[in-house]
$ cat data19.cif   # mmCIF, N, CA and C atoms
data_my_file
#
loop_
_atom_site.group_PDB
_atom_site.id
_atom_site.type_symbol
_atom_site.label_atom_id
_atom_site.label_comp_id
_atom_site.auth_asym_id
_atom_site.auth_seq_id
_atom_site.Cartn_x
_atom_site.Cartn_y
_atom_site.Cartn_z
ATOM 1 N N MET A 1 -15.492 -36.032 -40.556
ATOM 2 C CA MET A 1 -15.462 -34.816 -41.352
ATOM 3 C C MET A 1 -16.752 -34.692 -42.157
ATOM 4 N N ARG A 2 -17.306 -33.502 -42.195
ATOM 5 C CA ARG A 2 -18.560 -33.254 -42.894
ATOM 6 C C ARG A 2 -18.299 -32.971 -44.374
ATOM 7 N N THR A 3 -19.116 -33.554 -45.224
ATOM 8 C CA THR A 3 -19.002 -33.324 -46.659
ATOM 9 C C THR A 3 -19.829 -32.106 -47.045
ATOM 10 N N ILE A 4 -19.233 -31.213 -47.816
ATOM 11 C CA ILE A 4 -19.943 -30.022 -48.268
ATOM 12 C C ILE A 4 -20.689 -30.375 -49.551
ATOM 13 N N THR A 5 -22.006 -30.178 -49.533
ATOM 14 C CA THR A 5 -22.799 -30.511 -50.711
ATOM 15 C C THR A 5 -23.752 -29.383 -51.100
ATOM 16 N N SER A 6 -23.459 -28.170 -50.665
ATOM 17 C CA SER A 6 -24.374 -27.079 -50.981
ATOM 18 C C SER A 6 -24.360 -26.774 -52.481
ATOM 19 N N ILE A 7 -25.434 -26.137 -52.916
ATOM 20 C CA ILE A 7 -25.531 -25.778 -54.335
ATOM 21 C C ILE A 7 -24.437 -24.783 -54.717
ATOM 22 N N TYR A 8 -24.005 -23.961 -53.774
ATOM 23 C CA TYR A 8 -22.993 -22.941 -54.050
ATOM 24 C C TYR A 8 -21.607 -23.591 -54.188
ATOM 25 N N TYR A 9 -21.334 -24.563 -53.335
ATOM 26 C CA TYR A 9 -20.062 -25.289 -53.429
ATOM 27 C C TYR A 9 -20.021 -26.106 -54.723
ATOM 28 N N ARG A 10 -21.096 -26.803 -55.024
ATOM 29 C CA ARG A 10 -21.127 -27.611 -56.255
ATOM 30 C C ARG A 10 -20.933 -26.736 -57.486
ATOM 31 N N ALA A 11 -21.561 -25.567 -57.486
ATOM 32 C CA ALA A 11 -21.415 -24.664 -58.636
ATOM 33 C C ALA A 11 -19.962 -24.202 -58.775
ATOM 34 N N ARG A 12 -19.315 -23.897 -57.638
ATOM 35 C CA ARG A 12 -17.915 -23.462 -57.710
ATOM 36 C C ARG A 12 -17.012 -24.596 -58.195
ATOM 37 N N MET A 13 -17.270 -25.809 -57.741
ATOM 38 C CA MET A 13 -16.436 -26.939 -58.159
ATOM 39 C C MET A 13 -16.634 -27.248 -59.652
ATOM 40 N N GLN A 14 -17.844 -27.077 -60.157
ATOM 41 C CA GLN A 14 -18.069 -27.265 -61.590
ATOM 42 C C GLN A 14 -17.333 -26.191 -62.383
ATOM 43 N N ALA A 15 -17.343 -24.967 -61.863
ATOM 44 C CA ALA A 15 -16.602 -23.887 -62.523
ATOM 45 C C ALA A 15 -15.106 -24.163 -62.467
ATOM 46 N N ALA A 16 -14.632 -24.767 -61.386
ATOM 47 C CA ALA A 16 -13.201 -25.079 -61.235
ATOM 48 C C ALA A 16 -12.734 -26.106 -62.260
ATOM 49 N N GLN A 17 -13.646 -26.931 -62.733
ATOM 50 C CA GLN A 17 -13.275 -27.893 -63.776
ATOM 51 C C GLN A 17 -12.952 -27.176 -65.078
ATOM 52 N N ARG A 18 -13.571 -26.027 -65.297
ATOM 53 C CA ARG A 18 -13.322 -25.238 -66.507
ATOM 54 C C ARG A 18 -12.195 -24.224 -66.309
ATOM 55 N N ASP A 19 -12.085 -23.705 -65.072
ATOM 56 C CA ASP A 19 -11.090 -22.672 -64.783
ATOM 57 C C ASP A 19 -10.538 -22.917 -63.383
ATOM 58 N N PRO A 20 -9.256 -23.288 -63.279
ATOM 59 C CA PRO A 20 -8.663 -23.611 -61.977
ATOM 60 C C PRO A 20 -8.700 -22.469 -60.961
ATOM 61 N N LEU A 21 -8.935 -21.255 -61.406
ATOM 62 C CA LEU A 21 -9.058 -20.125 -60.488
ATOM 63 C C LEU A 21 -10.073 -20.425 -59.396
ATOM 64 N N TYR A 22 -11.160 -21.081 -59.767
ATOM 65 C CA TYR A 22 -12.253 -21.323 -58.833
ATOM 66 C C TYR A 22 -12.007 -22.485 -57.880
ATOM 67 N N SER A 23 -10.880 -23.165 -58.021
ATOM 68 C CA SER A 23 -10.557 -24.231 -57.066
ATOM 69 C C SER A 23 -10.117 -23.645 -55.730
ATOM 70 N N SER A 24 -9.750 -22.382 -55.719
ATOM 71 C CA SER A 24 -9.349 -21.693 -54.492
ATOM 72 C C SER A 24 -10.512 -20.845 -53.971
ATOM 73 N N ARG A 25 -10.917 -21.125 -52.752
ATOM 74 C CA ARG A 25 -12.011 -20.352 -52.155
ATOM 75 C C ARG A 25 -11.625 -18.881 -52.020
ATOM 76 N N GLU A 26 -10.388 -18.622 -51.614
ATOM 77 C CA GLU A 26 -9.947 -17.230 -51.418
ATOM 78 C C GLU A 26 -9.936 -16.454 -52.737
ATOM 79 N N ARG A 27 -9.415 -17.063 -53.791
ATOM 80 C CA ARG A 27 -9.396 -16.370 -55.089
ATOM 81 C C ARG A 27 -10.805 -16.174 -55.618
ATOM 82 N N THR A 28 -11.647 -17.164 -55.440
ATOM 83 C CA THR A 28 -13.036 -17.038 -55.879
ATOM 84 C C THR A 28 -13.738 -15.922 -55.119
ATOM 85 N N ALA A 29 -13.497 -15.849 -53.833
ATOM 86 C CA ALA A 29 -14.111 -14.802 -53.015
ATOM 87 C C ALA A 29 -13.747 -13.420 -53.557
ATOM 88 N N GLY A 30 -12.503 -13.256 -53.973
ATOM 89 C CA GLY A 30 -12.089 -11.984 -54.553
ATOM 90 C C GLY A 30 -12.820 -11.674 -55.847
ATOM 91 N N VAL A 31 -13.064 -12.675 -56.642
ATOM 92 C CA VAL A 31 -13.755 -12.487 -57.924
ATOM 93 C C VAL A 31 -15.204 -12.038 -57.708
ATOM 94 N N ILE A 32 -15.852 -12.580 -56.674
ATOM 95 C CA ILE A 32 -17.257 -12.233 -56.449
ATOM 96 C C ILE A 32 -17.421 -11.173 -55.352
ATOM 97 N N TYR A 33 -16.308 -10.593 -54.927
ATOM 98 C CA TYR A 33 -16.311 -9.461 -53.985
ATOM 99 C C TYR A 33 -16.931 -9.768 -52.627
ATOM 100 N N VAL A 34 -16.561 -10.921 -52.073
ATOM 101 C CA VAL A 34 -16.930 -11.251 -50.695
ATOM 102 C C VAL A 34 -15.671 -11.748 -49.995
ATOM 103 N N SER A 35 -15.720 -11.861 -48.693
ATOM 104 C CA SER A 35 -14.570 -12.398 -47.970
ATOM 105 C C SER A 35 -14.534 -13.919 -48.110
ATOM 106 N N GLY A 36 -13.373 -14.485 -47.899
ATOM 107 C CA GLY A 36 -13.254 -15.939 -47.926
ATOM 108 C C GLY A 36 -14.124 -16.586 -46.860
ATOM 109 N N GLU A 37 -14.233 -15.927 -45.713
ATOM 110 C CA GLU A 37 -15.073 -16.442 -44.636
ATOM 111 C C GLU A 37 -16.550 -16.437 -45.028
ATOM 112 N N ALA A 38 -16.977 -15.371 -45.699
ATOM 113 C CA ALA A 38 -18.370 -15.306 -46.139
ATOM 114 C C ALA A 38 -18.665 -16.412 -47.145
ATOM 115 N N LEU A 39 -17.759 -16.612 -48.101
ATOM 116 C CA LEU A 39 -17.970 -17.674 -49.093
ATOM 117 C C LEU A 39 -18.015 -19.033 -48.409
ATOM 118 N N ALA A 40 -17.148 -19.253 -47.439
ATOM 119 C CA ALA A 40 -17.176 -20.509 -46.687
ATOM 120 C C ALA A 40 -18.514 -20.689 -45.984
ATOM 121 N N ASP A 41 -19.027 -19.613 -45.402
ATOM 122 C CA ASP A 41 -20.323 -19.692 -44.727
ATOM 123 C C ASP A 41 -21.443 -20.040 -45.698
ATOM 124 N N TYR A 42 -21.407 -19.481 -46.902
ATOM 125 C CA TYR A 42 -22.426 -19.799 -47.909
ATOM 126 C C TYR A 42 -22.311 -21.258 -48.332
ATOM 127 N N GLU A 43 -21.087 -21.697 -48.548
ATOM 128 C CA GLU A 43 -20.869 -23.055 -49.063
ATOM 129 C C GLU A 43 -21.152 -24.136 -48.027
ATOM 130 N N THR A 44 -21.055 -23.797 -46.757
ATOM 131 C CA THR A 44 -21.321 -24.791 -45.714
ATOM 132 C C THR A 44 -22.721 -24.680 -45.144
ATOM 133 N N GLY A 45 -23.488 -23.697 -45.597
ATOM 134 C CA GLY A 45 -24.855 -23.550 -45.144
ATOM 135 C C GLY A 45 -25.022 -22.783 -43.848
ATOM 136 N N ARG A 46 -23.948 -22.186 -43.340
ATOM 137 C CA ARG A 46 -24.072 -21.387 -42.116
ATOM 138 C C ARG A 46 -24.885 -20.123 -42.350
ATOM 139 N N THR A 47 -24.750 -19.540 -43.545
ATOM 140 C CA THR A 47 -25.542 -18.365 -43.897
ATOM 141 C C THR A 47 -26.025 -18.500 -45.333
ATOM 142 N N ILE A 48 -27.047 -17.747 -45.653
ATOM 143 C CA ILE A 48 -27.618 -17.741 -47.001
ATOM 144 C C ILE A 48 -27.064 -16.523 -47.735
ATOM 145 N N PRO A 49 -26.517 -16.725 -48.924
ATOM 146 C CA PRO A 49 -25.995 -15.559 -49.640
ATOM 147 C C PRO A 49 -27.121 -14.653 -50.112
ATOM 148 N N PRO A 50 -26.890 -13.346 -50.056
ATOM 149 C CA PRO A 50 -27.893 -12.429 -50.592
ATOM 150 C C PRO A 50 -27.983 -12.566 -52.116
ATOM 151 N N CYS A 51 -29.080 -12.118 -52.648
ATOM 152 C CA CYS A 51 -29.334 -12.279 -54.082
ATOM 153 C C CYS A 51 -28.254 -11.641 -54.954
ATOM 154 N N ASP A 52 -27.700 -10.494 -54.547
ATOM 155 C CA ASP A 52 -26.663 -9.867 -55.366
ATOM 156 C C ASP A 52 -25.405 -10.722 -55.418
ATOM 157 N N VAL A 53 -25.092 -11.434 -54.343
ATOM 158 C CA VAL A 53 -23.932 -12.328 -54.343
ATOM 159 C C VAL A 53 -24.210 -13.543 -55.215
ATOM 160 N N VAL A 54 -25.415 -14.075 -55.135
ATOM 161 C CA VAL A 54 -25.770 -15.216 -55.999
ATOM 162 C C VAL A 54 -25.651 -14.802 -57.461
ATOM 163 N N GLN A 55 -26.081 -13.601 -57.789
ATOM 164 C CA GLN A 55 -25.959 -13.125 -59.175
ATOM 165 C C GLN A 55 -24.492 -13.062 -59.593
ATOM 166 N N LYS A 56 -23.612 -12.615 -58.696
ATOM 167 C CA LYS A 56 -22.176 -12.584 -59.011
ATOM 168 C C LYS A 56 -21.638 -13.995 -59.211
ATOM 169 N N MET A 57 -22.112 -14.932 -58.403
ATOM 170 C CA MET A 57 -21.705 -16.337 -58.570
ATOM 171 C C MET A 57 -22.161 -16.852 -59.934
ATOM 172 N N VAL A 58 -23.414 -16.578 -60.282
ATOM 173 C CA VAL A 58 -23.965 -17.023 -61.564
ATOM 174 C C VAL A 58 -23.081 -16.535 -62.711
ATOM 175 N N GLU A 59 -22.710 -15.265 -62.660
ATOM 176 C CA GLU A 59 -21.894 -14.683 -63.725
ATOM 177 C C GLU A 59 -20.468 -15.230 -63.709
ATOM 178 N N ALA A 60 -19.861 -15.305 -62.536
ATOM 179 C CA ALA A 60 -18.478 -15.775 -62.446
ATOM 180 C C ALA A 60 -18.364 -17.249 -62.832
ATOM 181 N N TYR A 61 -19.290 -18.055 -62.344
ATOM 182 C CA TYR A 61 -19.241 -19.499 -62.602
ATOM 183 C C TYR A 61 -19.841 -19.872 -63.946
ATOM 184 N N ASN A 62 -20.460 -18.900 -64.625
ATOM 185 C CA ASN A 62 -21.152 -19.156 -65.886
ATOM 186 C C ASN A 62 -22.163 -20.294 -65.698
ATOM 187 N N ASP A 63 -22.999 -20.121 -64.673
ATOM 188 C CA ASP A 63 -23.952 -21.160 -64.291
ATOM 189 C C ASP A 63 -25.341 -20.551 -64.068
ATOM 190 N N PRO A 64 -26.094 -20.323 -65.145
ATOM 191 C CA PRO A 64 -27.419 -19.722 -64.993
ATOM 192 C C PRO A 64 -28.377 -20.574 -64.168
ATOM 193 N N ASP A 65 -28.140 -21.863 -64.077
ATOM 194 C CA ASP A 65 -29.020 -22.732 -63.294
ATOM 195 C C ASP A 65 -28.886 -22.493 -61.795
ATOM 196 N N LEU A 66 -27.783 -21.891 -61.365
ATOM 197 C CA LEU A 66 -27.592 -21.628 -59.938
ATOM 198 C C LEU A 66 -28.656 -20.681 -59.402
ATOM 199 N N LYS A 67 -29.053 -19.719 -60.204
ATOM 200 C CA LYS A 67 -30.079 -18.764 -59.768
ATOM 201 C C LYS A 67 -31.384 -19.495 -59.447
ATOM 202 N N ALA A 68 -31.814 -20.363 -60.326
ATOM 203 C CA ALA A 68 -33.048 -21.117 -60.096
ATOM 204 C C ALA A 68 -32.892 -22.063 -58.907
ATOM 205 N N ALA A 69 -31.733 -22.675 -58.765
ATOM 206 C CA ALA A 69 -31.502 -23.575 -57.636
ATOM 207 C C ALA A 69 -31.552 -22.802 -56.318
ATOM 208 N N HIS A 70 -31.005 -21.599 -56.318
ATOM 209 C CA HIS A 70 -31.047 -20.751 -55.119
ATOM 210 C C HIS A 70 -32.491 -20.410 -54.765
ATOM 211 N N ILE A 71 -33.273 -20.044 -55.759
ATOM 212 C CA ILE A 71 -34.670 -19.704 -55.507
ATOM 213 C C ILE A 71 -35.434 -20.914 -54.976
ATOM 214 N N ARG A 72 -35.226 -22.069 -55.601
ATOM 215 C CA ARG A 72 -35.909 -23.292 -55.134
ATOM 216 C C ARG A 72 -35.506 -23.650 -53.704
ATOM 217 N N ALA A 73 -34.221 -23.501 -53.386
ATOM 218 C CA ALA A 73 -33.728 -23.877 -52.065
ATOM 219 C C ALA A 73 -34.151 -22.903 -50.984
ATOM 220 N N ARG A 74 -34.295 -21.658 -51.326
ATOM 221 C CA ARG A 74 -34.541 -20.620 -50.316
ATOM 222 C C ARG A 74 -35.958 -20.089 -50.294
ATOM 223 N N CYS A 75 -36.726 -20.367 -51.314
ATOM 224 C CA CYS A 75 -38.096 -19.851 -51.374
ATOM 225 C C CYS A 75 -39.012 -20.916 -51.961
ATOM 226 N N PRO A 76 -39.152 -22.036 -51.257
ATOM 227 C CA PRO A 76 -39.945 -23.146 -51.810
ATOM 228 C C PRO A 76 -41.447 -22.841 -51.786
ATOM 229 N N LEU A 77 -41.950 -22.442 -52.902
ATOM 230 C CA LEU A 77 -43.394 -22.167 -53.023
ATOM 231 C C LEU A 77 -44.109 -23.334 -53.670
#
$ encode --input "data19.cif" --output "C-alpha cells"
Amino acid sequence: MRTITSIYYRARMQAAQRDPLYSSRERTAGVIYVSGEALADYETGRTIPPCDVVQKMVEAYNDPDLKAAHIRARCPL
C-alpha cells in the first residue's frame, strides 16, 4: 500500500486535528467545492490543484503556509 505524503493531504490531516470535519475526504471536498475524486487526485499527486482550489484549502484548513508550499512544489525557481 502506498503512503500518501502530499502537501495537500498533510495540510488536511493537520486541519483534522483541530476539526474532525476534515478527517473525511468527502466532507472536506464539499467545503472546498470540489468532488471527492478531485480531492483524492490532488492528495495522491495524480493531478495538481488549480490555484483557486489551493486558496480554498488555505482558508478552510487555516494554513497560510500551504500556499507557499504549493508554489515551491509546483514552480521551483
$ closest_atom_pairs --input "data19.cif" --of "region 51-72 of chain A" --to "region 21-33 of chain A" --cutoff "7 Å" --atoms "all atoms listed in the file" --output "CSV"
residue,atom,partner,partner_atom,distance
A:Val53,CA,A:Ile32,C,6.7
A:Lys56,C,A:Ile32,CA,5.5
A:Met57,N,A:Ile32,CA,5.9
A:Ala60,CA,A:Val31,C,6.9
$ residues_near_point --input "data19.cif" --point "(-30.4, -12.2, -51.3)" --cutoff "12 Å" --atoms "only C-alpha atoms" --output "list in words"
Tyr42, Thr47, Ile48, Pro49, Pro50, Cys51, Asp52, Val53, Val54, Gln55, Lys56, Lys67, His70, Ile71, Arg74 and Cys75 of chain A
$ select_by_dssp --input "data19.cif" --residues "chain A" --states "alpha helix (DSSP H)" --output "MDAnalysis selection string"
chainID A and resid 7:18 25:31 36:44 51:61 65:74
$ atom_distance --input "data19.cif" --atom1 "CA of Arg72 (chain A)" --atom2 "CA of Pro20 (chain A)"
28.1 Å
$ axis_aligned_box --input "data19.cif" --around "region 47-50 of chain A" --padding-each-side "5 Å" --output "lines of an AutoDock Vina configuration file"
center_x = -26.4
center_y = -16.0
center_z = -47.8
size_x = 13.2
size_y = 17.1
size_z = 18.6
$ residues_around --input "data19.cif" --residues "region 44-46 of chain A" --least-positions-apart "2" --cutoff "8 Å" --atoms "only C-alpha atoms" --output "compact mmCIF listing (two decimals) with N, CA and C atoms, in the frame of the given file"
# COMPACT_ATOMS: atom_id res chain seq x y z
N ILE A 4 -19.23 -31.21 -47.82
CA ILE A 4 -19.94 -30.02 -48.27
C ILE A 4 -20.69 -30.38 -49.55
N THR A 5 -22.01 -30.18 -49.53
CA THR A 5 -22.80 -30.51 -50.71
C THR A 5 -23.75 -29.38 -51.10
N SER A 6 -23.46 -28.17 -50.66
CA SER A 6 -24.37 -27.08 -50.98
C SER A 6 -24.36 -26.77 -52.48
N TYR A 9 -21.33 -24.56 -53.34
CA TYR A 9 -20.06 -25.29 -53.43
C TYR A 9 -20.02 -26.11 -54.72
N ALA A 40 -17.15 -19.25 -47.44
CA ALA A 40 -17.18 -20.51 -46.69
C ALA A 40 -18.51 -20.69 -45.98
N ASP A 41 -19.03 -19.61 -45.40
CA ASP A 41 -20.32 -19.69 -44.73
C ASP A 41 -21.44 -20.04 -45.70
N TYR A 42 -21.41 -19.48 -46.90
CA TYR A 42 -22.43 -19.80 -47.91
C TYR A 42 -22.31 -21.26 -48.33
N ILE A 48 -27.05 -17.75 -45.65
CA ILE A 48 -27.62 -17.74 -47.00
C ILE A 48 -27.06 -16.52 -47.74
$ atom_distance --input "data19.cif" --atom1 "CA of Ala15 (chain A)" --atom2 "CA of Val34 (chain A)"
17.3 Å
$ atom_distance --input "data19.cif" --atom1 "CA of Ala73 (chain A)" --atom2 "CA of Arg18 (chain A)"
25.0 Å
$ build_atoms --input "data19.cif" --residues "region 21-46 of chain A" --atoms "N, CA, C and O atoms" --output "PDB file, in the coordinates of the input"
ATOM      1  N   LEU A  21      -8.935 -21.255 -61.406  1.00  0.00           N
ATOM      2  CA  LEU A  21      -9.058 -20.125 -60.488  1.00  0.00           C
ATOM      3  C   LEU A  21     -10.073 -20.425 -59.396  1.00  0.00           C
ATOM      4  O   LEU A  21      -9.882 -20.093 -58.230  1.00  0.00           O
ATOM      5  N   TYR A  22     -11.160 -21.081 -59.767  1.00  0.00           N
ATOM      6  CA  TYR A  22     -12.253 -21.323 -58.833  1.00  0.00           C
ATOM      7  C   TYR A  22     -12.007 -22.485 -57.880  1.00  0.00           C
ATOM      8  O   TYR A  22     -12.811 -22.729 -56.992  1.00  0.00           O
ATOM      9  N   SER A  23     -10.880 -23.165 -58.021  1.00  0.00           N
ATOM     10  CA  SER A  23     -10.557 -24.231 -57.066  1.00  0.00           C
ATOM     11  C   SER A  23     -10.117 -23.645 -55.730  1.00  0.00           C
ATOM     12  O   SER A  23     -10.138 -24.329 -54.715  1.00  0.00           O
ATOM     13  N   SER A  24      -9.750 -22.382 -55.719  1.00  0.00           N
ATOM     14  CA  SER A  24      -9.349 -21.693 -54.492  1.00  0.00           C
ATOM     15  C   SER A  24     -10.512 -20.845 -53.971  1.00  0.00           C
ATOM     16  O   SER A  24     -10.998 -19.954 -54.667  1.00  0.00           O
ATOM     17  N   ARG A  25     -10.917 -21.125 -52.752  1.00  0.00           N
ATOM     18  CA  ARG A  25     -12.011 -20.352 -52.155  1.00  0.00           C
ATOM     19  C   ARG A  25     -11.625 -18.881 -52.020  1.00  0.00           C
ATOM     20  O   ARG A  25     -12.425 -17.993 -52.289  1.00  0.00           O
ATOM     21  N   GLU A  26     -10.388 -18.622 -51.614  1.00  0.00           N
ATOM     22  CA  GLU A  26      -9.947 -17.230 -51.418  1.00  0.00           C
ATOM     23  C   GLU A  26      -9.936 -16.454 -52.737  1.00  0.00           C
ATOM     24  O   GLU A  26     -10.379 -15.309 -52.787  1.00  0.00           O
ATOM     25  N   ARG A  27      -9.415 -17.063 -53.791  1.00  0.00           N
ATOM     26  CA  ARG A  27      -9.396 -16.370 -55.089  1.00  0.00           C
ATOM     27  C   ARG A  27     -10.805 -16.174 -55.618  1.00  0.00           C
ATOM     28  O   ARG A  27     -11.129 -15.121 -56.172  1.00  0.00           O
ATOM     29  N   THR A  28     -11.647 -17.164 -55.440  1.00  0.00           N
ATOM     30  CA  THR A  28     -13.036 -17.038 -55.879  1.00  0.00           C
ATOM     31  C   THR A  28     -13.738 -15.922 -55.119  1.00  0.00           C
ATOM     32  O   THR A  28     -14.474 -15.128 -55.714  1.00  0.00           O
ATOM     33  N   ALA A  29     -13.497 -15.849 -53.833  1.00  0.00           N
ATOM     34  CA  ALA A  29     -14.111 -14.802 -53.015  1.00  0.00           C
ATOM     35  C   ALA A  29     -13.747 -13.420 -53.557  1.00  0.00           C
ATOM     36  O   ALA A  29     -14.597 -12.529 -53.623  1.00  0.00           O
ATOM     37  N   GLY A  30     -12.503 -13.256 -53.973  1.00  0.00           N
ATOM     38  CA  GLY A  30     -12.089 -11.984 -54.553  1.00  0.00           C
ATOM     39  C   GLY A  30     -12.820 -11.674 -55.847  1.00  0.00           C
ATOM     40  O   GLY A  30     -13.181 -10.524 -56.099  1.00  0.00           O
ATOM     41  N   VAL A  31     -13.064 -12.675 -56.642  1.00  0.00           N
ATOM     42  CA  VAL A  31     -13.755 -12.487 -57.924  1.00  0.00           C
ATOM     43  C   VAL A  31     -15.204 -12.038 -57.708  1.00  0.00           C
ATOM     44  O   VAL A  31     -15.722 -11.214 -58.458  1.00  0.00           O
ATOM     45  N   ILE A  32     -15.852 -12.580 -56.674  1.00  0.00           N
ATOM     46  CA  ILE A  32     -17.257 -12.233 -56.449  1.00  0.00           C
ATOM     47  C   ILE A  32     -17.421 -11.173 -55.352  1.00  0.00           C
ATOM     48  O   ILE A  32     -18.536 -10.891 -54.911  1.00  0.00           O
ATOM     49  N   TYR A  33     -16.308 -10.593 -54.927  1.00  0.00           N
ATOM     50  CA  TYR A  33     -16.311  -9.461 -53.985  1.00  0.00           C
ATOM     51  C   TYR A  33     -16.931  -9.768 -52.627  1.00  0.00           C
ATOM     52  O   TYR A  33     -17.734  -8.996 -52.107  1.00  0.00           O
ATOM     53  N   VAL A  34     -16.561 -10.921 -52.073  1.00  0.00           N
ATOM     54  CA  VAL A  34     -16.930 -11.251 -50.695  1.00  0.00           C
ATOM     55  C   VAL A  34     -15.671 -11.748 -49.995  1.00  0.00           C
ATOM     56  O   VAL A  34     -14.673 -12.056 -50.647  1.00  0.00           O
ATOM     57  N   SER A  35     -15.720 -11.861 -48.693  1.00  0.00           N
ATOM     58  CA  SER A  35     -14.570 -12.398 -47.970  1.00  0.00           C
ATOM     59  C   SER A  35     -14.534 -13.919 -48.110  1.00  0.00           C
ATOM     60  O   SER A  35     -15.560 -14.556 -48.401  1.00  0.00           O
ATOM     61  N   GLY A  36     -13.373 -14.485 -47.899  1.00  0.00           N
ATOM     62  CA  GLY A  36     -13.254 -15.939 -47.926  1.00  0.00           C
ATOM     63  C   GLY A  36     -14.124 -16.586 -46.860  1.00  0.00           C
ATOM     64  O   GLY A  36     -14.703 -17.651 -47.077  1.00  0.00           O
ATOM     65  N   GLU A  37     -14.233 -15.927 -45.713  1.00  0.00           N
ATOM     66  CA  GLU A  37     -15.073 -16.442 -44.636  1.00  0.00           C
ATOM     67  C   GLU A  37     -16.550 -16.437 -45.028  1.00  0.00           C
ATOM     68  O   GLU A  37     -17.284 -17.379 -44.729  1.00  0.00           O
ATOM     69  N   ALA A  38     -16.977 -15.371 -45.699  1.00  0.00           N
ATOM     70  CA  ALA A  38     -18.370 -15.306 -46.139  1.00  0.00           C
ATOM     71  C   ALA A  38     -18.665 -16.412 -47.145  1.00  0.00           C
ATOM     72  O   ALA A  38     -19.695 -17.095 -47.045  1.00  0.00           O
ATOM     73  N   LEU A  39     -17.759 -16.612 -48.101  1.00  0.00           N
ATOM     74  CA  LEU A  39     -17.970 -17.674 -49.093  1.00  0.00           C
ATOM     75  C   LEU A  39     -18.015 -19.033 -48.409  1.00  0.00           C
ATOM     76  O   LEU A  39     -18.854 -19.875 -48.749  1.00  0.00           O
ATOM     77  N   ALA A  40     -17.148 -19.253 -47.439  1.00  0.00           N
ATOM     78  CA  ALA A  40     -17.176 -20.509 -46.687  1.00  0.00           C
ATOM     79  C   ALA A  40     -18.514 -20.689 -45.984  1.00  0.00           C
ATOM     80  O   ALA A  40     -19.076 -21.791 -45.976  1.00  0.00           O
ATOM     81  N   ASP A  41     -19.027 -19.613 -45.402  1.00  0.00           N
ATOM     82  CA  ASP A  41     -20.323 -19.692 -44.727  1.00  0.00           C
ATOM     83  C   ASP A  41     -21.443 -20.040 -45.698  1.00  0.00           C
ATOM     84  O   ASP A  41     -22.329 -20.834 -45.375  1.00  0.00           O
ATOM     85  N   TYR A  42     -21.407 -19.481 -46.902  1.00  0.00           N
ATOM     86  CA  TYR A  42     -22.426 -19.799 -47.909  1.00  0.00           C
ATOM     87  C   TYR A  42     -22.311 -21.258 -48.332  1.00  0.00           C
ATOM     88  O   TYR A  42     -23.318 -21.951 -48.467  1.00  0.00           O
ATOM     89  N   GLU A  43     -21.087 -21.697 -48.548  1.00  0.00           N
ATOM     90  CA  GLU A  43     -20.869 -23.055 -49.063  1.00  0.00           C
ATOM     91  C   GLU A  43     -21.152 -24.136 -48.027  1.00  0.00           C
ATOM     92  O   GLU A  43     -21.435 -25.264 -48.396  1.00  0.00           O
ATOM     93  N   THR A  44     -21.055 -23.797 -46.757  1.00  0.00           N
ATOM     94  CA  THR A  44     -21.321 -24.791 -45.714  1.00  0.00           C
ATOM     95  C   THR A  44     -22.721 -24.680 -45.144  1.00  0.00           C
ATOM     96  O   THR A  44     -23.100 -25.477 -44.292  1.00  0.00           O
ATOM     97  N   GLY A  45     -23.488 -23.697 -45.597  1.00  0.00           N
ATOM     98  CA  GLY A  45     -24.855 -23.550 -45.144  1.00  0.00           C
ATOM     99  C   GLY A  45     -25.022 -22.783 -43.848  1.00  0.00           C
ATOM    100  O   GLY A  45     -26.117 -22.717 -43.302  1.00  0.00           O
ATOM    101  N   ARG A  46     -23.948 -22.186 -43.340  1.00  0.00           N
ATOM    102  CA  ARG A  46     -24.072 -21.387 -42.116  1.00  0.00           C
ATOM    103  C   ARG A  46     -24.885 -20.123 -42.350  1.00  0.00           C
ATOM    104  O   ARG A  46     -25.602 -19.679 -41.465  1.00  0.00           O
TER     105      ARG A  46
END
